[in-house]
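Asker: Questions regarding the structure given below will be posed in turn.
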Amino acid sequence: VIRGEKCWMTNAKWASHAIVHALTNPSAHGGHRSTCFLFPMNTKGVSYNEMGGKMVWKQSSTGSIAFEDVFVPEDAILGKLDEGFRVMAEALNGGRLFIAGLALASTAFALDRCRGYASERVQFDGAVIGRFQRVQDVILDLDIALEEGLTWLVRLLHLYDTKKLAREQASKVKIACSRRASHLLVEAMEICGGVACLDEFGLMRHHNDLFVTRVGEGSNRALKSQATRQLMPGVPNLQ
Ligand SMILES: Cc1cc2nc3c(=O)[nH]c(=O)nc-3n(C[C@H](O)[C@H](O)[C@H](O)COP(=O)(O)OP(=O)(O)OC[C@H]3O[C@@H](n4cnc5c(N)ncnc54)[C@H](O)[C@@H]3O)c2cc1C
């Protein structure tokens, strides 16, 4: 029997089934306390509530799923009983690569916008702003961030496909791409001046959406502990 609620569920509104990661053995150690279940959203006791007021990912729906004494049969278990963490860890690895991809897509969009604006925007003397080295700096930083990020991500996608991807590798690429993209998006907006504030120009939307790449699929701050553990195996993390 499952009880509880999970907020921030993307597109659950349209889902036919839910994968639920629930505590099944709270007193057990580490990764052996939870189980994953797969069952239909129309199971008795499952309800969905849309969350309002979201300023990010406006094209998607976000809501919470409540579980009120939901009975799930044994054959709804995904993987093994009390081994849900293993199932989730693999899914989260893929999710973190996906989030890194989103950050790189925003980087590519910003590069396009900046390049276009800096090549066309003419000042009083009739010359384009792209001639300024400090403007060029941002365009080159975006280009380097994109090329480095894509090279790194493609290598990790191959490891993921061949089931050789370590958790910290997925965390590190997600942290790096999201952090760098959100920093560069603000720089890119400066290059484009006032027009960057306009909804139709798109940069503000990417700027807001990049916030989700920093907190979603495990917040960057929390993931840093996980990624550092492998660098200093003898040093315990603060709990
Ligand atoms: C638009 C949107 C869509 C989402 N879609 C989904 C979805 O489809 N499925 C899903 O499961 N989740 C989804 N999420 C949830 C998202 O994964 C969480 O917001 C995220 O994991 C952070 O959890 P929280 O919001 O509860 O923050 P909290 O747990 O309250 O944490 C707040 C902050 O505290 C800090 N912090 C927390 N723990 C640590 C730590 N161990 N070390 C250092 N600092 C720490 C971090 O800065 C963190 O951002 C979505 C979120 C958003 C905003």
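In the structure tokens, the first chain shown is A, the next is B, and so on; residue numbers restart at 1 for each chain, and ligands run from 1 in the order shown.
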What are the nearest atom pairs, with distances in Å to one decimal, for all residues of chain A that come at most 10 Å from ligand 1, using only C-alpha atoms and all ligand atoms, set out by chain and rising residue number as JSON lines?
Answerer:
{"residue": "A:Lys6", "atom": "CA", "partner": "ligand 1", "partner_atom_place_in_ligand_line": "11 (O)", "distance": 7.5}
{"residue": "A:Cys7", "atom": "CA", "partner": "ligand 1", "partner_atom_place_in_ligand_line": "15 (C)", "distance": 7.1}
{"residue": "A:Trp8", "atom": "CA", "partner": "ligand 1", "partner_atom_place_in_ligand_line": "50 (C)", "distance": 4.4}
{"residue": "A:Met9", "atom": "CA", "partner": "ligand 1", "partner_atom_place_in_ligand_line": "8 (O)", "distance": 3.9}
{"residue": "A:Thr10", "atom": "CA", "partner": "ligand 1", "partner_atom_place_in_ligand_line": "8 (O)", "distance": 3.7}
{"residue": "A:Asn11", "atom": "CA", "partner": "ligand 1", "partner_atom_place_in_ligand_line": "8 (O)", "distance": 7.0}
{"residue": "A:Ala12", "atom": "CA", "partner": "ligand 1", "partner_atom_place_in_ligand_line": "8 (O)", "distance": 7.5}
{"residue": "A:Ile19", "atom": "CA", "partner": "ligand 1", "partner_atom_place_in_ligand_line": "11 (O)", "distance": 10.0}
{"residue": "A:Val20", "atom": "CA", "partner": "ligand 1", "partner_atom_place_in_ligand_line": "11 (O)", "distance": 9.5}
{"residue": "A:His21", "atom": "CA", "partner": "ligand 1", "partner_atom_place_in_ligand_line": "11 (O)", "distance": 9.5}
{"residue": "A:Met51", "atom": "CA", "partner": "ligand 1", "partner_atom_place_in_ligand_line": "1 (C)", "distance": 9.8}
{"residue": "A:Lys54", "atom": "CA", "partner": "ligand 1", "partner_atom_place_in_ligand_line": "1 (C)", "distance": 7.2}
{"residue": "A:Met55", "atom": "CA", "partner": "ligand 1", "partner_atom_place_in_ligand_line": "1 (C)", "distance": 8.3}
{"residue": "A:Val56", "atom": "CA", "partner": "ligand 1", "partner_atom_place_in_ligand_line": "1 (C)", "distance": 5.9}
{"residue": "A:Trp57", "atom": "CA", "partner": "ligand 1", "partner_atom_place_in_ligand_line": "1 (C)", "distance": 5.8}
{"residue": "A:Lys58", "atom": "CA", "partner": "ligand 1", "partner_atom_place_in_ligand_line": "1 (C)", "distance": 8.3}
{"residue": "A:Ser60", "atom": "CA", "partner": "ligand 1", "partner_atom_place_in_ligand_line": "1 (C)", "distance": 8.1}
{"residue": "A:Ser61", "atom": "CA", "partner": "ligand 1", "partner_atom_place_in_ligand_line": "1 (C)", "distance": 8.4}
{"residue": "A:Thr62", "atom": "CA", "partner": "ligand 1", "partner_atom_place_in_ligand_line": "3 (C)", "distance": 6.2}
{"residue": "A:Gly63", "atom": "CA", "partner": "ligand 1", "partner_atom_place_in_ligand_line": "5 (N)", "distance": 8.5}
{"residue": "A:Ser64", "atom": "CA", "partner": "ligand 1", "partner_atom_place_in_ligand_line": "7 (C)", "distance": 9.4}
{"residue": "A:Leu92", "atom": "CA", "partner": "ligand 1", "partner_atom_place_in_ligand_line": "11 (O)", "distance": 9.4}
{"residue": "A:Gly95", "atom": "CA", "partner": "ligand 1", "partner_atom_place_in_ligand_line": "9 (N)", "distance": 9.8}
{"residue": "A:Asp209", "atom": "CA", "partner": "ligand 1", "partner_atom_place_in_ligand_line": "1 (C)", "distance": 8.1}
{"residue": "A:Phe211", "atom": "CA", "partner": "ligand 1", "partner_atom_place_in_ligand_line": "53 (C)", "distance": 7.8}
{"residue": "A:Val212", "atom": "CA", "partner": "ligand 1", "partner_atom_place_in_ligand_line": "53 (C)", "distance": 5.3}
{"residue": "A:Thr213", "atom": "CA", "partner": "ligand 1", "partner_atom_place_in_ligand_line": "53 (C)", "distance": 8.7}
{"residue": "A:Arg214", "atom": "CA", "partner": "ligand 1", "partner_atom_place_in_ligand_line": "49 (O)", "distance": 7.7}
{"residue": "A:Val215", "atom": "CA", "partner": "ligand 1", "partner_atom_place_in_ligand_line": "20 (C)", "distance": 4.9}
{"residue": "A:Gly216", "atom": "CA", "partner": "ligand 1", "partner_atom_place_in_ligand_line": "17 (O)", "distance": 3.7}
{"residue": "A:Glu217", "atom": "CA", "partner": "ligand 1", "partner_atom_place_in_ligand_line": "17 (O)", "distance": 4.4}
{"residue": "A:Gly218", "atom": "CA", "partner": "ligand 1", "partner_atom_place_in_ligand_line": "21 (O)", "distance": 4.3}
{"residue": "A:Ser219", "atom": "CA", "partner": "ligand 1", "partner_atom_place_in_ligand_line": "49 (O)", "distance": 4.8}
{"residue": "A:Asn220", "atom": "CA", "partner": "ligand 1", "partner_atom_place_in_ligand_line": "46 (C)", "distance": 6.9}
{"residue": "A:Arg221", "atom": "CA", "partner": "ligand 1", "partner_atom_place_in_ligand_line": "44 (N)", "distance": 4.4}
{"residue": "A:Ala222", "atom": "CA", "partner": "ligand 1", "partner_atom_place_in_ligand_line": "42 (N)", "distance": 3.6}
{"residue": "A:Leu223", "atom": "CA", "partner": "ligand 1", "partner_atom_place_in_ligand_line": "42 (N)", "distance": 7.2}
{"residue": "A:Lys224", "atom": "CA", "partner": "ligand 1", "partner_atom_place_in_ligand_line": "42 (N)", "distance": 7.4}
{"residue": "A:Ser225", "atom": "CA", "partner": "ligand 1", "partner_atom_place_in_ligand_line": "42 (N)", "distance": 6.5}
{"residue": "A:Gln226", "atom": "CA", "partner": "ligand 1", "partner_atom_place_in_ligand_line": "41 (N)", "distance": 8.7}
{"residue": "A:Asn237", "atom": "CA", "partner": "ligand 1", "partner_atom_place_in_ligand_line": "41 (N)", "distance": 9.2}
{"residue": "A:Leu238", "atom": "CA", "partner": "ligand 1", "partner_atom_place_in_ligand_line": "41 (N)", "distance": 8.4}
{"residue": "A:Gln239", "atom": "CA", "partner": "ligand 1", "partner_atom_place_in_ligand_line": "41 (N)", "distance": 7.5}
Asker: How about saving the chosen residues, N, CA and C atoms kept, as a compact mmCIF listing (two decimals), in the first residue's frame?
Answerer:
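Saved to selection.txt:
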# COMPACT_ATOMS: atom_id res chain seq x y z
N LYS A 6 3.99 13.29 -4.52
CA LYS A 6 5.22 13.72 -5.20
C LYS A 6 4.90 14.96 -6.03
N CYS A 7 5.61 16.08 -5.70
CA CYS A 7 5.39 17.34 -6.44
C CYS A 7 6.29 17.38 -7.68
N TRP A 8 6.11 18.41 -8.44
CA TRP A 8 6.99 18.70 -9.58
C TRP A 8 7.05 17.58 -10.60
N MET A 9 5.95 17.05 -10.98
CA MET A 9 5.96 15.96 -11.97
C MET A 9 5.69 16.53 -13.37
N THR A 10 6.72 16.44 -14.23
CA THR A 10 6.60 16.98 -15.59
C THR A 10 5.74 16.07 -16.45
N ASN A 11 4.73 16.66 -17.06
CA ASN A 11 3.85 16.00 -18.03
C ASN A 11 3.11 14.78 -17.50
N ALA A 12 3.03 14.65 -16.18
CA ALA A 12 2.30 13.52 -15.59
C ALA A 12 0.81 13.59 -15.96
N ILE A 19 5.86 5.58 -12.68
CA ILE A 19 6.90 4.79 -12.02
C ILE A 19 7.11 5.44 -10.66
N VAL A 20 6.86 4.69 -9.61
CA VAL A 20 6.90 5.26 -8.26
C VAL A 20 8.03 4.62 -7.47
N HIS A 21 8.86 5.48 -6.88
CA HIS A 21 10.00 5.03 -6.08
C HIS A 21 9.61 5.25 -4.62
N MET A 51 0.12 22.20 -10.97
CA MET A 51 0.69 23.29 -10.17
C MET A 51 0.70 24.55 -11.03
N LYS A 54 4.08 28.71 -12.70
CA LYS A 54 5.44 28.34 -13.07
C LYS A 54 6.01 29.32 -14.11
N MET A 55 7.25 29.79 -13.89
CA MET A 55 7.89 30.74 -14.82
C MET A 55 8.94 30.05 -15.70
N VAL A 56 9.01 28.74 -15.62
CA VAL A 56 10.01 27.99 -16.41
C VAL A 56 9.29 26.87 -17.16
N TRP A 57 9.95 26.30 -18.17
CA TRP A 57 9.40 25.16 -18.92
C TRP A 57 7.90 25.36 -19.18
N LYS A 58 7.57 26.53 -19.72
CA LYS A 58 6.15 26.88 -19.88
C LYS A 58 5.43 25.97 -20.86
N SER A 60 5.59 22.84 -20.89
CA SER A 60 5.25 21.54 -20.29
C SER A 60 4.24 21.74 -19.16
N SER A 61 3.63 20.64 -18.77
CA SER A 61 2.72 20.71 -17.62
C SER A 61 3.49 20.20 -16.39
N THR A 62 3.22 20.78 -15.23
CA THR A 62 3.87 20.34 -13.99
C THR A 62 2.81 20.22 -12.90
N GLY A 63 2.85 19.12 -12.18
CA GLY A 63 1.84 18.94 -11.13
C GLY A 63 2.29 17.95 -10.09
N SER A 64 1.41 17.69 -9.16
CA SER A 64 1.75 16.73 -8.10
C SER A 64 0.82 15.51 -8.19
N LEU A 92 18.22 7.96 -13.53
CA LEU A 92 18.72 9.32 -13.28
C LEU A 92 19.98 9.61 -14.08
N GLY A 95 18.75 10.67 -17.27
CA GLY A 95 18.10 11.97 -17.09
C GLY A 95 19.13 13.09 -16.99
N ASP A 209 14.58 28.82 -18.29
CA ASP A 209 14.55 27.36 -18.36
C ASP A 209 15.85 26.74 -17.84
N PHE A 211 17.39 27.49 -15.31
CA PHE A 211 17.30 27.31 -13.85
C PHE A 211 16.94 25.85 -13.54
N VAL A 212 16.04 25.29 -14.34
CA VAL A 212 15.62 23.90 -14.09
C VAL A 212 16.80 22.95 -14.29
N THR A 213 17.70 23.28 -15.22
CA THR A 213 18.85 22.37 -15.43
C THR A 213 19.78 22.39 -14.22
N ARG A 214 19.71 23.45 -13.41
CA ARG A 214 20.56 23.51 -12.21
C ARG A 214 19.96 22.77 -11.03
N VAL A 215 18.62 22.81 -10.91
CA VAL A 215 18.01 22.14 -9.74
C VAL A 215 17.38 20.79 -10.07
N GLY A 216 17.02 20.58 -11.33
CA GLY A 216 16.31 19.35 -11.68
C GLY A 216 17.22 18.14 -11.79
N GLU A 217 16.61 16.95 -11.70
CA GLU A 217 17.34 15.67 -11.84
C GLU A 217 18.48 15.60 -10.80
N GLY A 218 18.19 16.11 -9.60
CA GLY A 218 19.20 16.22 -8.55
C GLY A 218 19.83 17.60 -8.65
N SER A 219 19.74 18.41 -7.58
CA SER A 219 20.28 19.77 -7.67
C SER A 219 21.81 19.70 -7.79
N ASN A 220 22.39 20.68 -8.48
CA ASN A 220 23.84 20.67 -8.67
C ASN A 220 24.57 20.60 -7.33
N ARG A 221 24.05 21.32 -6.34
CA ARG A 221 24.75 21.33 -5.06
C ARG A 221 24.77 19.94 -4.42
N ALA A 222 23.65 19.24 -4.49
CA ALA A 222 23.61 17.90 -3.91
C ALA A 222 24.49 16.95 -4.72
N LEU A 223 24.48 17.10 -6.04
CA LEU A 223 25.27 16.19 -6.89
C LEU A 223 26.77 16.38 -6.70
N LYS A 224 27.15 17.58 -6.27
CA LYS A 224 28.59 17.83 -6.08
C LYS A 224 29.16 16.89 -5.01
N SER A 225 28.37 16.63 -3.97
CA SER A 225 28.86 15.73 -2.92
C SER A 225 29.10 14.34 -3.50
N GLN A 226 28.13 13.91 -4.33
CA GLN A 226 28.25 12.58 -4.93
C GLN A 226 29.48 12.50 -5.84
N ASN A 237 30.99 12.32 3.63
CA ASN A 237 30.22 13.53 3.37
C ASN A 237 29.44 13.92 4.60
N LEU A 238 29.18 15.22 4.78
CA LEU A 238 28.29 15.68 5.85
C LEU A 238 26.90 15.16 5.56
N GLN A 239 26.21 14.62 6.54
CA GLN A 239 24.83 14.15 6.32
C GLN A 239 23.85 15.21 6.79
Asker: Do you know which residues are at most 9 Å from range 112-122 of chain A counting only C-alpha atoms, after dropping those on the same chain fewer than 4 positions away, and could you put them as JSON, numbers by chain?
Answerer: {"A": [107, 108, 126, 127, 128, 129, 130, 131, 135, 136, 138, 139, 188, 189, 191, 192, 201, 202, 203]}
Asker: Could you state the separation of CA of Ile175 in chain A and CA of Ala18 in chain A in Å, given to one decimal place?
Answerer: 27.1 Å
Asker: At most 8 Å is the cut-off: for each residue in range 86-133 of chain A with any atom that close to an atom of range 157-168 of chain A, write down the nearest atom pair and the distance in Å rounded to one decimal, counting only C-alpha atoms, chain first then increasing number, as CSV.
Answerer:
residue,atom,partner,partner_atom,distance
A:Ala89,CA,A:Arg167,CA,7.5
A:Asn93,CA,A:Arg167,CA,6.2
A:Gly94,CA,A:Tyr160,CA,7.3
A:Leu97,CA,A:Leu157,CA,7.3
Asker: Could you write those residues out with all heavy atoms, as a compact mmCIF listing (two decimals), in the first residue's frame?
Answerer:
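Final output, part.txt:
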# COMPACT_ATOMS: atom_id res chain seq x y z
N ALA A 89 18.78 4.89 -10.04
CA ALA A 89 20.11 5.43 -10.34
C ALA A 89 20.37 5.36 -11.85
O ALA A 89 20.88 6.31 -12.45
CB ALA A 89 21.17 4.65 -9.58
N ASN A 93 20.81 8.60 -14.28
CA ASN A 93 22.00 8.78 -15.12
C ASN A 93 21.58 9.30 -16.49
O ASN A 93 22.13 10.27 -17.00
CB ASN A 93 22.72 7.45 -15.31
CG ASN A 93 23.86 7.28 -14.33
OD1 ASN A 93 24.18 8.21 -13.59
ND2 ASN A 93 24.46 6.11 -14.32
N GLY A 94 20.60 8.62 -17.09
CA GLY A 94 20.10 9.02 -18.41
C GLY A 94 19.50 10.42 -18.34
O GLY A 94 19.73 11.26 -19.21
N LEU A 97 22.12 13.15 -18.32
CA LEU A 97 22.68 13.39 -19.67
C LEU A 97 21.69 14.22 -20.49
O LEU A 97 22.07 15.14 -21.22
CB LEU A 97 22.98 12.07 -20.38
CG LEU A 97 24.01 11.14 -19.72
CD1 LEU A 97 24.28 9.93 -20.61
CD2 LEU A 97 25.32 11.87 -19.42
Asker: Report the residues of chain A whose backbone DSSP state falls under strand (DSSP E or B), written as an MDAnalysis selection string.
Answerer: chainID A and resid 2:10 17:23 34:40 46:50 62:70 77:78 122 128
Asker: Between A:Val173, A:Val72, A:Leu140, A:Leu81, which is the closest to His32 in chain A once you count only C-alpha atoms?
Answerer: A:Leu81
Asker: Can you check which residues of range 21-219 of chain A DSSP gives as helix (DSSP H, G or I) on the backbone and send them as a PyMOL selection string?
Answerer: chain A and resi 30-32+74-76+84-120+129-131+133-161+167-197+199-201+203-215
Asker: Which residue gives the smallest distance to Asn25 in chain A among A:Asp82, A:Gly45, A:Gln133, A:Val70, with only C-alpha atoms counted?
Answerer: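 Closest candidate: A:Asp82.
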Asker: Find the residue from A:Val186, A:Leu104, A:Ala28, A:Ala66 that sits nearest to Thr43 in chain A; use only C-alpha atoms when measuring.
Answerer: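 Comparing A:Val186, A:Leu104, A:Ala28, A:Ala66 against Thr43 in chain A, the winner is A:Ala66.
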Asker: In terms of the shortest atom-to-atom distance over only C-alpha atoms, which of A:Phe85, A:Phe37, A:Phe67, A:Tyr48 is closest to Gly4 in chain A?
Answerer: A:Phe67
